[in-house]
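Engineer: Got run_11.cif for you, mmCIF, C-alpha atoms and all ligand atoms:
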data_input
#
loop_
_atom_site.label_atom_id
_atom_site.label_comp_id
_atom_site.auth_asym_id
_atom_site.auth_seq_id
_atom_site.Cartn_x
_atom_site.Cartn_y
_atom_site.Cartn_z
CA MET A 28 0.00 0.00 0.00
CA ASN A 29 1.36 3.38 -1.01
CA MET A 30 -0.16 6.25 0.98
CA TYR A 31 0.72 8.80 -1.71
CA ASP A 32 -1.28 6.82 -4.29
CA LEU A 33 -4.27 6.41 -1.93
CA ILE A 34 -4.37 10.15 -1.18
CA THR A 35 -4.13 10.92 -4.92
CA ARG A 36 -6.92 8.50 -5.81
CA LYS A 37 -9.25 9.86 -3.10
CA LYS A 38 -8.36 13.45 -4.04
CA ARG A 39 -9.61 12.66 -7.58
CA GLY A 40 -12.84 11.12 -6.25
CA GLY A 41 -11.88 7.45 -6.60
CA ALA A 42 -12.71 4.70 -4.10
CA LEU A 43 -10.41 2.76 -1.78
CA THR A 44 -10.68 -1.02 -1.50
CA ASN A 45 -11.46 -2.93 1.74
CA GLU A 46 -7.87 -4.21 1.84
CA GLU A 47 -6.44 -0.72 1.44
CA ILE A 48 -8.68 0.64 4.20
CA SER A 49 -7.75 -2.19 6.60
CA ALA A 50 -4.07 -1.69 5.87
CA LEU A 51 -4.17 2.06 6.34
CA ILE A 52 -6.01 1.84 9.69
CA ALA A 53 -3.66 -0.91 10.94
CA GLY A 54 -0.66 1.11 9.72
CA TYR A 55 -1.86 4.29 11.39
CA VAL A 56 -2.53 2.61 14.76
CA ALA A 57 0.92 0.97 14.55
CA GLY A 58 2.50 4.41 14.03
CA LYS A 59 3.71 3.49 10.51
CA ILE A 60 1.65 6.18 8.74
CA PRO A 61 2.55 9.74 9.73
CA ASP A 62 -0.10 12.25 10.81
CA TYR A 63 0.62 14.51 7.81
CA GLN A 64 -0.35 11.79 5.31
CA MET A 65 -3.39 10.72 7.34
CA SER A 66 -4.46 14.37 7.60
CA ALA A 67 -4.21 14.77 3.83
CA LEU A 68 -6.31 11.64 3.31
CA LEU A 69 -8.93 12.85 5.84
CA MET A 70 -9.19 16.16 3.99
CA ALA A 71 -9.57 14.32 0.67
CA ILE A 72 -12.36 12.21 2.27
CA TYR A 73 -13.93 15.39 3.66
CA PHE A 74 -14.24 16.86 0.15
CA ARG A 75 -14.80 13.69 -1.90
CA GLY A 76 -16.83 11.60 0.55
CA MET A 77 -16.88 7.81 0.68
CA THR A 78 -19.16 5.17 -0.80
CA THR A 79 -21.26 3.08 1.62
CA ALA A 80 -18.88 0.15 1.01
CA GLU A 81 -15.84 2.28 1.87
CA THR A 82 -17.53 3.71 4.99
CA ALA A 83 -18.51 0.18 6.11
CA ALA A 84 -14.94 -1.04 5.58
CA LEU A 85 -13.57 1.94 7.53
CA THR A 86 -16.02 1.21 10.37
CA GLN A 87 -15.03 -2.47 10.54
CA ALA A 88 -11.32 -1.66 10.42
CA MET A 89 -11.68 0.87 13.25
CA ALA A 90 -13.81 -1.53 15.35
CA ALA A 91 -11.12 -4.20 14.87
CA SER A 92 -8.32 -1.83 15.91
CA GLY A 93 -8.85 -2.40 19.67
CA ASP A 94 -10.58 -4.65 22.19
CA ARG A 95 -14.22 -5.70 21.90
CA ILE A 96 -16.50 -6.24 24.88
CA ASP A 97 -18.16 -9.66 24.95
CA LEU A 98 -21.68 -9.42 26.40
CA SER A 99 -22.84 -12.74 24.95
CA ALA A 100 -22.92 -14.51 28.34
CA ILE A 101 -25.58 -12.06 29.61
CA PRO A 102 -29.09 -13.39 28.92
CA GLY A 103 -31.65 -11.25 27.07
CA LYS A 104 -31.41 -8.61 24.39
CA LYS A 105 -28.72 -5.98 24.92
CA ILE A 106 -29.66 -2.67 23.27
CA ASP A 107 -27.22 0.22 23.06
CA LYS A 108 -28.08 3.89 22.44
CA HIS A 109 -26.09 6.78 21.04
CA SER A 110 -26.87 10.47 20.73
CA THR A 111 -24.94 12.57 18.25
CA GLY A 112 -24.80 15.25 20.94
CA GLY A 113 -26.84 18.19 22.11
CA VAL A 114 -27.59 20.66 24.87
CA GLY A 115 -29.63 19.50 27.87
CA ASP A 116 -29.72 15.99 26.41
CA LYS A 117 -30.10 13.81 29.48
CA THR A 118 -32.21 11.14 27.74
CA THR A 119 -29.77 8.29 28.47
CA LEU A 120 -30.41 8.74 32.21
CA ILE A 121 -34.12 8.18 31.55
CA VAL A 122 -34.13 5.75 28.64
CA SER A 123 -31.59 3.18 29.90
CA PRO A 124 -33.46 2.60 33.20
CA ILE A 125 -36.77 2.32 31.30
CA VAL A 126 -35.33 -0.30 28.95
CA ALA A 127 -33.90 -2.26 31.92
CA ALA A 128 -37.23 -2.05 33.77
CA CYS A 129 -38.95 -3.52 30.69
CA GLY A 130 -36.79 -6.65 30.77
CA CYS A 131 -34.07 -5.78 28.24
CA CYS A 132 -30.47 -4.85 28.98
CA ALA A 133 -29.07 -1.39 28.32
CA PRO A 134 -25.27 -1.55 28.47
CA LYS A 135 -23.78 1.76 27.40
CA MET A 136 -20.44 3.39 27.03
CA SER A 137 -20.83 7.16 27.13
CA GLY A 138 -18.67 10.20 26.53
CA ARG A 139 -17.82 13.44 28.30
CA GLY A 140 -18.93 16.89 27.25
CA LEU A 141 -17.52 18.08 23.93
CA GLY A 142 -17.53 21.79 23.11
CA HIS A 143 -20.98 23.21 23.82
CA THR A 144 -22.57 19.75 24.17
CA GLY A 145 -22.87 17.89 27.48
CA GLY A 146 -21.75 14.32 28.18
CA THR A 147 -23.48 11.58 30.17
CA ILE A 148 -20.29 10.70 32.08
CA ASP A 149 -19.94 14.25 33.44
CA LYS A 150 -23.60 14.20 34.48
CA LEU A 151 -23.23 10.85 36.27
CA GLU A 152 -20.10 12.04 38.06
CA SER A 153 -22.18 14.78 39.67
CA ILE A 154 -23.64 11.96 41.81
CA PRO A 155 -21.19 11.75 44.74
CA GLY A 156 -19.14 8.54 44.56
CA PHE A 157 -20.47 7.38 41.15
CA ARG A 158 -17.79 5.35 39.34
CA THR A 159 -17.70 5.37 35.55
CA ASP A 160 -14.26 3.72 35.18
CA LEU A 161 -15.37 0.11 35.64
CA SER A 162 -13.44 -2.87 34.31
CA ALA A 163 -15.11 -4.92 31.56
CA GLU A 164 -15.87 -7.59 34.20
CA GLU A 165 -17.54 -5.11 36.59
CA PHE A 166 -19.50 -3.61 33.68
CA CYS A 167 -20.82 -7.03 32.60
CA ALA A 168 -21.67 -8.00 36.21
CA ILE A 169 -23.73 -4.82 36.74
CA VAL A 170 -25.53 -5.21 33.40
CA ARG A 171 -26.40 -8.75 34.47
CA THR A 172 -27.75 -7.77 37.91
CA CYS A 173 -29.27 -4.32 37.22
CA GLY A 174 -30.11 -4.58 33.50
CA LEU A 175 -28.03 -1.47 32.79
CA SER A 176 -24.63 0.04 33.37
CA LEU A 177 -23.17 3.34 32.15
CA ILE A 178 -19.41 3.66 31.86
CA GLY A 179 -16.80 5.94 30.29
CA GLN A 180 -15.03 5.21 27.03
CA ALA A 181 -12.21 2.73 27.51
CA GLY A 182 -9.17 3.85 25.52
CA THR A 183 -8.58 0.27 24.39
CA LEU A 184 -11.82 0.09 22.36
CA ALA A 185 -11.74 1.27 18.72
CA ARG A 186 -8.23 2.65 19.22
CA ALA A 187 -8.11 4.01 15.67
CA ASP A 188 -11.13 6.21 16.38
CA LYS A 189 -9.46 7.78 19.39
CA LEU A 190 -6.38 8.64 17.29
CA LEU A 191 -8.33 9.76 14.24
CA TYR A 192 -10.79 11.84 16.27
CA ALA A 193 -7.91 13.79 17.83
CA LEU A 194 -6.44 14.37 14.35
CA ARG A 195 -9.81 15.42 12.87
CA ASP A 196 -10.32 17.81 15.76
CA VAL A 197 -7.21 19.81 14.75
CA THR A 198 -7.48 19.47 10.95
CA ALA A 199 -11.07 20.77 10.53
CA THR A 200 -12.33 17.39 9.34
CA VAL A 201 -14.83 16.52 12.10
CA ASP A 202 -18.02 17.43 10.23
CA SER A 203 -17.82 14.82 7.48
CA ILE A 204 -20.69 12.32 7.27
CA PRO A 205 -18.59 9.21 6.47
CA LEU A 206 -16.06 10.12 9.17
CA ILE A 207 -18.72 10.79 11.84
CA ALA A 208 -20.67 7.66 10.85
CA SER A 209 -17.63 5.38 10.98
CA SER A 210 -16.42 6.95 14.24
CA ILE A 211 -19.75 6.35 16.00
CA MET A 212 -20.50 2.92 14.55
CA SER A 213 -16.99 1.53 15.16
CA LYS A 214 -17.42 2.21 18.89
CA LYS A 215 -20.92 0.73 18.88
CA LEU A 216 -19.71 -2.46 17.16
CA ALA A 217 -16.86 -2.80 19.69
CA CYS A 218 -19.28 -2.50 22.64
CA GLY A 219 -20.88 -5.89 22.02
CA ALA A 220 -24.63 -5.07 22.16
CA ASP A 221 -27.15 -6.87 19.93
CA ALA A 222 -28.53 -3.65 18.37
CA VAL A 223 -28.24 0.11 18.67
CA LEU A 224 -30.64 3.03 18.54
CA LEU A 225 -29.16 6.31 17.32
CA ASP A 226 -30.57 9.69 18.32
CA VAL A 227 -29.47 11.96 15.48
CA LYS A 228 -29.91 15.53 16.64
CA VAL A 229 -30.69 18.28 14.16
CA GLY A 230 -30.66 22.04 14.65
CA SER A 231 -28.60 24.95 15.85
CA GLY A 232 -27.19 23.00 18.84
CA ALA A 233 -26.32 19.86 16.86
CA PHE A 234 -23.50 18.79 14.52
CA MET A 235 -26.13 18.37 11.80
CA LYS A 236 -27.75 21.74 11.18
CA THR A 237 -30.38 20.66 8.62
CA PRO A 238 -32.84 17.74 8.45
CA GLU A 239 -31.29 16.73 5.08
CA ASP A 240 -27.85 16.31 6.69
CA ALA A 241 -29.32 14.53 9.73
CA TYR A 242 -31.17 12.05 7.49
CA ALA A 243 -28.03 11.55 5.40
CA LEU A 244 -25.99 10.76 8.54
CA ALA A 245 -28.70 8.44 9.88
CA GLU A 246 -29.03 6.64 6.54
CA THR A 247 -25.27 6.20 6.30
CA MET A 248 -25.09 4.69 9.80
CA VAL A 249 -28.03 2.38 9.16
CA ALA A 250 -26.53 1.29 5.82
CA ILE A 251 -23.10 0.46 7.25
CA SER A 252 -24.65 -1.41 10.15
CA GLN A 253 -26.62 -3.54 7.66
CA GLU A 254 -23.32 -4.52 6.04
CA ALA A 255 -22.09 -5.49 9.53
CA ASN A 256 -25.34 -7.39 10.26
CA PHE A 257 -25.93 -5.17 13.30
CA PRO A 258 -29.58 -4.07 13.69
CA THR A 259 -29.67 -0.28 13.91
CA ALA A 260 -32.37 2.38 13.78
CA ALA A 261 -32.19 6.14 14.14
CA LEU A 262 -34.58 8.79 15.41
CA ILE A 263 -34.11 12.30 14.05
CA THR A 264 -34.85 14.74 16.89
CA ARG A 265 -34.86 18.53 17.21
CA MET A 266 -31.99 20.38 18.89
CA ASP A 267 -32.74 24.06 18.19
CA GLU A 268 -33.40 24.92 21.82
CA PRO A 269 -32.07 22.87 24.79
CA LEU A 270 -33.96 19.64 25.50
CA GLY A 271 -35.94 20.05 28.73
CA CYS A 272 -35.16 22.97 31.04
CA ALA A 273 -31.92 21.95 32.75
CA VAL A 274 -28.44 22.44 31.27
CA GLY A 275 -25.57 21.47 33.57
CA ASN A 276 -24.63 18.25 35.26
CA SER A 277 -26.43 17.80 38.60
CA LEU A 278 -29.30 19.99 37.34
CA GLU A 279 -29.76 17.52 34.47
CA VAL A 280 -29.65 14.46 36.73
CA ALA A 281 -32.35 16.07 38.90
CA GLU A 282 -34.46 16.74 35.79
CA ALA A 283 -34.02 13.15 34.56
CA VAL A 284 -35.18 11.96 37.99
CA SER A 285 -38.27 14.17 37.71
CA VAL A 286 -39.21 12.51 34.39
CA LEU A 287 -38.63 9.06 35.87
CA ARG A 288 -40.96 10.08 38.70
CA GLY A 289 -43.71 11.06 36.29
CA THR A 290 -43.23 14.84 36.00
CA GLY A 291 -40.60 16.92 34.16
CA PRO A 292 -40.74 18.92 30.90
CA ASP A 293 -43.00 17.66 28.10
CA ASP A 294 -40.38 17.77 25.31
CA LEU A 295 -37.89 15.73 27.34
CA ARG A 296 -40.51 13.14 28.34
CA THR A 297 -41.74 12.83 24.75
CA VAL A 298 -38.26 12.32 23.27
CA ALA A 299 -37.24 9.91 26.05
CA LEU A 300 -40.38 7.79 25.64
CA SER A 301 -39.94 7.68 21.86
CA LEU A 302 -36.31 6.57 22.21
CA ALA A 303 -37.18 3.94 24.84
CA ALA A 304 -40.05 2.63 22.69
CA GLU A 305 -37.78 2.38 19.64
CA MET A 306 -35.15 0.49 21.67
CA LEU A 307 -37.75 -1.98 22.93
CA HIS A 308 -39.06 -2.35 19.36
CA LEU A 309 -35.50 -3.09 18.16
CA ALA A 310 -35.31 -5.73 20.89
CA GLY A 311 -38.37 -7.42 19.35
CA MET A 312 -40.73 -6.55 22.21
CA GLY A 313 -43.71 -5.65 20.04
CA THR A 314 -45.10 -2.85 17.93
CA ARG A 315 -43.90 0.71 18.49
CA ALA A 316 -47.24 1.56 20.11
CA ALA A 317 -47.08 -1.42 22.48
CA CYS A 318 -43.46 -0.62 23.36
CA ARG A 319 -44.36 3.00 24.07
CA ALA A 320 -47.16 1.92 26.40
CA ARG A 321 -44.76 -0.43 28.15
CA ALA A 322 -42.15 2.32 28.55
CA ALA A 323 -44.79 4.70 29.99
CA GLN A 324 -45.89 1.97 32.41
CA ALA A 325 -42.29 1.55 33.67
CA ILE A 326 -42.34 5.23 34.63
CA ALA A 327 -45.83 5.08 36.14
CA ASP A 328 -45.13 2.04 38.34
CA GLY A 329 -41.74 3.34 39.52
CA THR A 330 -39.70 0.39 38.18
CA ALA A 331 -37.65 2.60 35.83
CA PHE A 332 -36.66 4.92 38.70
CA ASP A 333 -35.80 1.85 40.82
CA ALA A 334 -33.51 0.62 38.03
CA LEU A 335 -31.62 3.93 38.06
CA VAL A 336 -31.27 3.79 41.84
CA ARG A 337 -30.03 0.16 41.77
CA MET A 338 -27.44 0.89 39.07
CA THR A 339 -26.26 3.99 40.93
CA ALA A 340 -25.76 1.98 44.12
CA ALA A 341 -23.93 -0.76 42.21
CA GLN A 342 -21.55 1.84 40.73
CA GLY A 343 -20.79 3.38 44.14
CA GLY A 344 -23.03 6.44 43.81
CA ASP A 345 -24.89 8.12 46.67
CA THR A 346 -28.52 7.29 45.97
CA ALA A 347 -29.70 9.89 48.52
CA VAL A 348 -29.36 12.62 45.83
CA LEU A 349 -31.66 10.66 43.51
CA LEU A 350 -34.26 10.12 46.23
CA ASP A 351 -34.05 13.83 47.10
CA PRO A 352 -32.27 15.93 44.42
CA ALA A 353 -32.27 18.95 46.81
CA ARG A 354 -29.37 17.10 48.49
CA PHE A 355 -27.08 17.67 45.49
CA PRO A 356 -24.27 20.12 46.39
CA GLN A 357 -25.64 23.57 45.44
CA ALA A 358 -23.92 26.36 43.48
CA ARG A 359 -22.71 29.27 45.63
CA ALA A 360 -24.10 32.00 43.35
CA SER A 361 -27.15 32.38 41.13
CA ARG A 362 -28.77 35.03 38.97
CA THR A 363 -32.06 35.31 37.12
CA VAL A 364 -32.07 36.54 33.53
CA CYS A 365 -35.28 38.32 32.52
CA ALA A 366 -36.92 39.01 29.16
CA PRO A 367 -35.59 42.31 27.72
CA THR A 368 -38.84 43.01 25.79
CA SER A 369 -42.33 41.61 25.37
CA GLY A 370 -43.25 39.36 22.45
CA CYS A 371 -42.94 35.76 21.38
CA LEU A 372 -39.90 33.81 22.60
CA ALA A 373 -39.05 32.64 19.10
CA HIS A 374 -35.62 31.09 19.62
CA LEU A 375 -33.29 30.17 22.49
CA ASP A 376 -30.25 29.13 20.53
CA ALA A 377 -29.11 25.76 21.88
CA GLU A 378 -25.44 26.15 20.97
CA THR A 379 -25.26 29.59 22.64
CA VAL A 380 -27.02 28.30 25.77
CA GLY A 381 -24.53 25.40 25.83
CA ARG A 382 -21.61 27.82 25.53
CA ALA A 383 -23.08 29.95 28.35
CA ALA A 384 -23.23 26.82 30.54
CA VAL A 385 -19.54 26.14 29.78
CA LEU A 386 -18.69 29.73 30.83
CA LEU A 387 -20.58 29.15 34.09
CA GLY A 388 -18.32 26.15 34.80
CA ALA A 389 -20.59 23.28 33.68
CA GLY A 390 -18.25 22.27 30.82
CA ARG A 391 -14.58 22.44 29.87
CA ALA A 392 -12.95 25.34 28.04
CA ALA A 393 -9.81 23.22 27.58
CA LYS A 394 -9.09 19.49 27.70
CA GLY A 395 -8.60 18.34 31.30
CA ASP A 396 -10.36 21.36 32.90
CA ALA A 397 -12.28 20.57 36.10
CA ILE A 398 -16.06 20.78 35.96
CA ASP A 399 -18.34 22.47 38.50
CA HIS A 400 -21.09 19.86 38.73
CA ALA A 401 -23.52 22.31 40.37
CA ALA A 402 -23.12 24.99 37.66
CA GLY A 403 -25.58 25.47 34.82
CA ILE A 404 -28.86 26.93 33.67
CA LEU A 405 -32.50 26.26 34.50
CA LEU A 406 -34.82 27.60 31.84
CA ARG A 407 -38.04 29.13 33.18
CA ARG A 408 -39.58 29.43 29.73
CA LYS A 409 -39.33 27.37 26.55
CA CYS A 410 -39.68 28.66 23.00
CA GLY A 411 -42.98 29.42 21.36
CA GLY A 412 -45.00 31.25 24.01
CA HIS A 413 -45.69 34.93 24.71
CA ILE A 414 -43.43 36.62 27.26
CA THR A 415 -43.62 39.97 29.03
CA ALA A 416 -40.67 42.33 29.50
CA GLY A 417 -39.04 41.66 32.89
CA GLU A 418 -40.40 38.12 33.15
CA PRO A 419 -37.79 35.57 34.38
CA LEU A 420 -36.45 33.47 31.48
CA ALA A 421 -33.77 31.45 33.25
CA THR A 422 -31.77 31.06 36.46
CA LEU A 423 -28.01 30.73 36.09
CA TYR A 424 -25.85 28.91 38.67
CA ALA A 425 -22.08 29.25 39.16
CA ALA A 426 -19.36 29.41 41.78
CA ASP A 427 -19.04 33.23 41.75
CA GLU A 428 -20.32 36.53 40.34
CA THR A 429 -17.58 36.83 37.69
CA LEU A 430 -18.63 33.55 36.12
CA LEU A 431 -22.27 34.66 36.31
CA ASP A 432 -21.40 37.90 34.46
CA ALA A 433 -19.81 35.96 31.59
CA GLY A 434 -22.56 33.33 31.50
CA ALA A 435 -25.39 35.88 31.65
CA GLU A 436 -23.93 37.94 28.80
CA ARG A 437 -23.62 34.86 26.59
CA PHE A 438 -27.05 33.50 27.60
CA SER A 439 -28.69 36.82 26.73
CA SER A 440 -27.32 36.57 23.18
CA ALA A 441 -29.22 33.28 22.75
CA ILE A 442 -32.61 34.98 23.18
CA GLU A 443 -34.67 35.97 20.15
CA ILE A 444 -38.01 37.70 20.76
CA THR A 445 -40.26 38.43 17.79
CA ASP A 446 -43.70 39.95 17.24
CA ALA A 447 -45.11 36.87 15.52
CA PRO A 448 -44.64 33.25 16.61
CA PRO A 449 -42.11 31.25 14.51
CA PRO A 450 -43.34 28.44 12.25
CA PRO A 451 -43.56 25.24 14.34
CA SER A 452 -40.84 22.62 13.83
CA PRO A 453 -41.31 18.98 14.82
CA LEU A 454 -39.74 17.61 18.01
CA ILE A 455 -39.29 14.24 16.29
CA TYR A 456 -38.79 14.46 12.55
CA GLY A 457 -38.90 10.73 11.87
CA THR A 458 -37.18 7.37 12.04
CA VAL A 459 -34.70 5.65 9.76
CA ASP A 460 -34.30 1.88 9.83
CA ALA A 461 -33.44 -0.96 7.47
CA GLU A 462 -36.76 -0.43 5.65
CA GLY A 463 -36.08 3.26 5.05
CA ARG A 464 -37.56 6.50 6.38
CA HIS A 465 -40.73 6.73 8.49
CA ASP A 466 -42.37 10.01 9.43
CA GLY A 467 -42.96 11.35 12.94
N1 LIG B 501 -19.34 11.61 17.91
C1 LIG B 501 -18.41 10.65 17.65
O1 LIG B 501 -18.29 9.67 18.38
N2 LIG B 501 -17.65 10.80 16.55
C2 LIG B 501 -17.75 11.83 15.70
O2 LIG B 501 -17.02 11.88 14.72
C3 LIG B 501 -18.71 12.84 15.99
C4 LIG B 501 -19.50 12.70 17.11
#
Can I see the file as structure tokens?

Structural biologist:
Amino acid sequence: MNMYDLITRKKRGGALTNEEISALIAGYVAGKIPDYQMSALLMAIYFRGMTTAETAALTQAMAASGDRIDLSAIPGKKIDKHSTGGVGDKTTLIVSPIVAACGCCAPKMSGRGLGHTGGTIDKLESIPGFRTDLSAEEFCAIVRTCGLSLIGQAGTLARADKLLYALRDVTATVDSIPLIASSIMSKKLACGADAVLLDVKVGSGAFMKTPEDAYALAETMVAISQEANFPTAALITRMDEPLGCAVGNSLEVAEAVSVLRGTGPDDLRTVALSLAAEMLHLAGMGTRAACRARAAQAIADGTAFDALVRMTAAQGGDTAVLLDPARFPQARASRTVCAPTSGCLAHLDAETVGRAAVLLGAGRAAKGDAIDHAAGILLRRKCGGHITAGEPLATLYAADETLLDAGAERFSSAIEITDAPPPPSPLIYGTVDAEGRHDG
């Protein structure tokens, strides 16, 4: 294999063979291909794209570049979930316990916050004592006893993705559909579940800004998983404003608990129930409607909340904060941001709200930064309704007034108030599975 020839062929729009893709991933992980040649190839892929066959081969080669978790000894269907990332997206904390309460297993490896988007691992670590760095053996044992376990990404899984992601991050090649699709699906294949449900976010707070791009990403991931014989479906969900009202780690855990206890914001409950129903459907537990009813029942009878509490205890977390979220450590300072004028709250830009939460201390400005788990934003109003000047829109939480100044300034720039209401956009655009697209 000659890297110069591969870069040239891709630059001219040609395709790489399976053997070439396997060799280049193996060579890169072994340190035999320098970053400058891999960067050039990534940029050629960014502009020229990849065929489904190439993307599938890249996914398989990346999945094979590290360890794979073997969950086959655990009885029952194991269904994984992945969100492409958003603001206020705490659905995993709701959906995984629901799926476990309905008799399936929900093993999941999650990530930390990235840029303006939050990460499930940071949220879970706001629960005092919660361990996300379990060994593969501990992970399997907790899935077996609790029906779910949520852990951080082991560096030994899909090693090529870890290396390539870091390179893409600094070469402006992250937002490429074949590269995102292969990155996500290689990790999912390595995790050992029987099937995966993808939550592809679309909107101002998501990687995919338009429904066309979100569908294209979902269709690519479903197509490559068919080649790998790995049942996969995707929901396309809105991420123009934050999901729910809480943005920030312990605030989001508390909000997830409220949904599991039968209250909480409507949009969050609707998306979570749709995701849970789709996961149960993928597990072969009945029609979408029957699975949705079953998921709702697991909330109503308290079994989903119990599953979260059991898993938290098994992973060393203090369950007292779940039973009474007021016991979470509280931020030292808070400030309310009010509506500057009257009108319709047309837009609360999700990416800007996410960036405001980072400024408050809820996320990292640089790799390795510490997180303030109590920091964040609680929205008092969601988009679409009429607001009056001076009405509270959100409460911001941080460790001190300086952080609140920065966060409040950024948060205020997310607010758009208009005379007329904006055209409605769907919360759930549709589903993509092996049969194609389905509406709503
Ligand atoms: N999430 C991933 O895991 N990989 C990407 O490339 C983008 C989002």

Engineer: Could you pull the residues within 12 Å of Leu206 of chain A, counting all atoms listed in the file, minus those fewer than 6 positions along the same chain, as a PyMOL selection string?

Structural biologist: chain A and resi 68-79+81-86+89+187-188+191-192+194-196+199-200+212-213+244+247-248

Engineer: Draw an axis-aligned box over all listed atoms of segment 314-331 of chain A, pad each side with 8 Å, and write its centre and edge lengths in Å, one decimal, as AutoDock Vina command-line options.

Structural biologist:
--center_x -42.4 --center_y 1.2 --center_z 28.7 --size_x 25.6 --size_y 24.1 --size_z 37.6

Engineer: If we count all atoms listed in the file and set the cut-off at 7 Å, which residues sit around Met266 of chain A, ignoring sequence neighbours fewer than 3 positions away in its own chain? Please answer as a ChimeraX atom specification.

Structural biologist: /A:113,228-233,269-270,377

Engineer: Find the residue from A:Met338, A:Ala360, A:Leu406, A:Ala447 that sits nearest to Ala425 of chain A; use only C-alpha atoms when measuring.

Structural biologist: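 Smallest separation from Ala425 of chain A among the options: A:Ala360.
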
Engineer: Around ligand LIG 501 (chain B), at most 8 Å away and counting only C-alpha atoms and all ligand atoms, which residues are there? Put them as a list of chain:residue names, please.

Structural biologist: A:Thr111, A:Gly112, A:Asp188, A:Tyr192, A:Val201, A:Asp202, A:Ser203, A:Leu206, A:Ile207, A:Ala208, A:Ser209, A:Ser210, A:Ile211, A:Lys214, A:Phe234

Engineer: Neighbouring residues of Arg359 of chain A were defined as those with any atom within 9 Å, considering all atoms listed in the file; residues of the same chain fewer than 2 positions away were excluded. Please report them as a ChimeraX atom specification.

Structural biologist: /A:357,361,401,424-427

Engineer: At what distance in Å, to one decimal, does atom CA of Thr330 of chain A lie from atom CA of Arg296 of chain A?

Structural biologist: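 Atom CA of Thr330 of chain A lies 16.1 Å from atom CA of Arg296 of chain A.
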
Engineer: Counting only C-alpha atoms, figure out which residue out of A:Ala217, A:Leu141, A:Ala358, A:Ala310 gets nearest to Arg391 of chain A.

Structural biologist: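 Once distances to Arg391 of chain A are computed over only C-alpha atoms, the minimum belongs to A:Leu141.
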
Engineer: Nearest to Ile52 of chain A among A:Ala185, A:Ala168, A:Ala353, A:Leu287, with distances taken over all atoms listed in the file: which residue is it?

Structural biologist: A:Ala185

Engineer: Expressed in Å to a single decimal, how great is the separation between atom CA of Arg139 of chain A and atom CA of Asp376 of chain A?

Structural biologist: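 Going from atom CA of Arg139 of chain A over to atom CA of Asp376 of chain A covers 21.5 Å.
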
Engineer: If you count all atoms listed in the file, which residues fall within 8 Å of Leu375 of chain A, apart from same-chain ones fewer than 5 positions away, as a PDB file with C-alpha atoms, in the coordinates of the input?

Structural biologist:
ATOM      1  CA  ASP A 267     -32.740  24.060  18.190  1.00  0.00           C
ATOM      2  CA  GLU A 268     -33.400  24.920  21.820  1.00  0.00           C
ATOM      3  CA  PRO A 269     -32.070  22.870  24.790  1.00  0.00           C
ATOM      4  CA  VAL A 380     -27.020  28.300  25.770  1.00  0.00           C
ATOM      5  CA  LYS A 409     -39.330  27.370  26.550  1.00  0.00           C
ATOM      6  CA  CYS A 410     -39.680  28.660  23.000  1.00  0.00           C
ATOM      7  CA  ALA A 441     -29.220  33.280  22.750  1.00  0.00           C
ATOM      8  CA  ILE A 442     -32.610  34.980  23.180  1.00  0.00           C
ATOM      9  CA  GLU A 443     -34.670  35.970  20.150  1.00  0.00           C
TER      10      GLU A 443
END

Engineer: Quote the spacing between atom CA of Ile60 of chain A and atom CA of Gly219 of chain A in Å to one decimal place.

Structural biologist: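 Atom CA of Ile60 of chain A sits 28.8 Å away from atom CA of Gly219 of chain A.
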
Engineer: Rank A:Leu387, A:Leu454, A:Ile444, A:Val298 by their smallest atom-to-atom distance to Gly370 of chain A, using only C-alpha atoms, and report the top residue only.

Structural biologist: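 Closest to Gly370 of chain A, using only C-alpha atoms: A:Ile444.
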
Engineer: I'd like the neighbourhood of Ala241 of chain A as a list in words, where a residue qualifies if any of its atoms comes within 8 Å (using all atoms listed in the file), though same-chain residues fewer than 2 positions away should be ignored.

Structural biologist: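 What passes the distance filter is Val227, Lys228, Val229, Met235, Lys236, Thr237, Pro238, Glu239, Ala243, Leu244, Ala245 and Ile263 of chain A.
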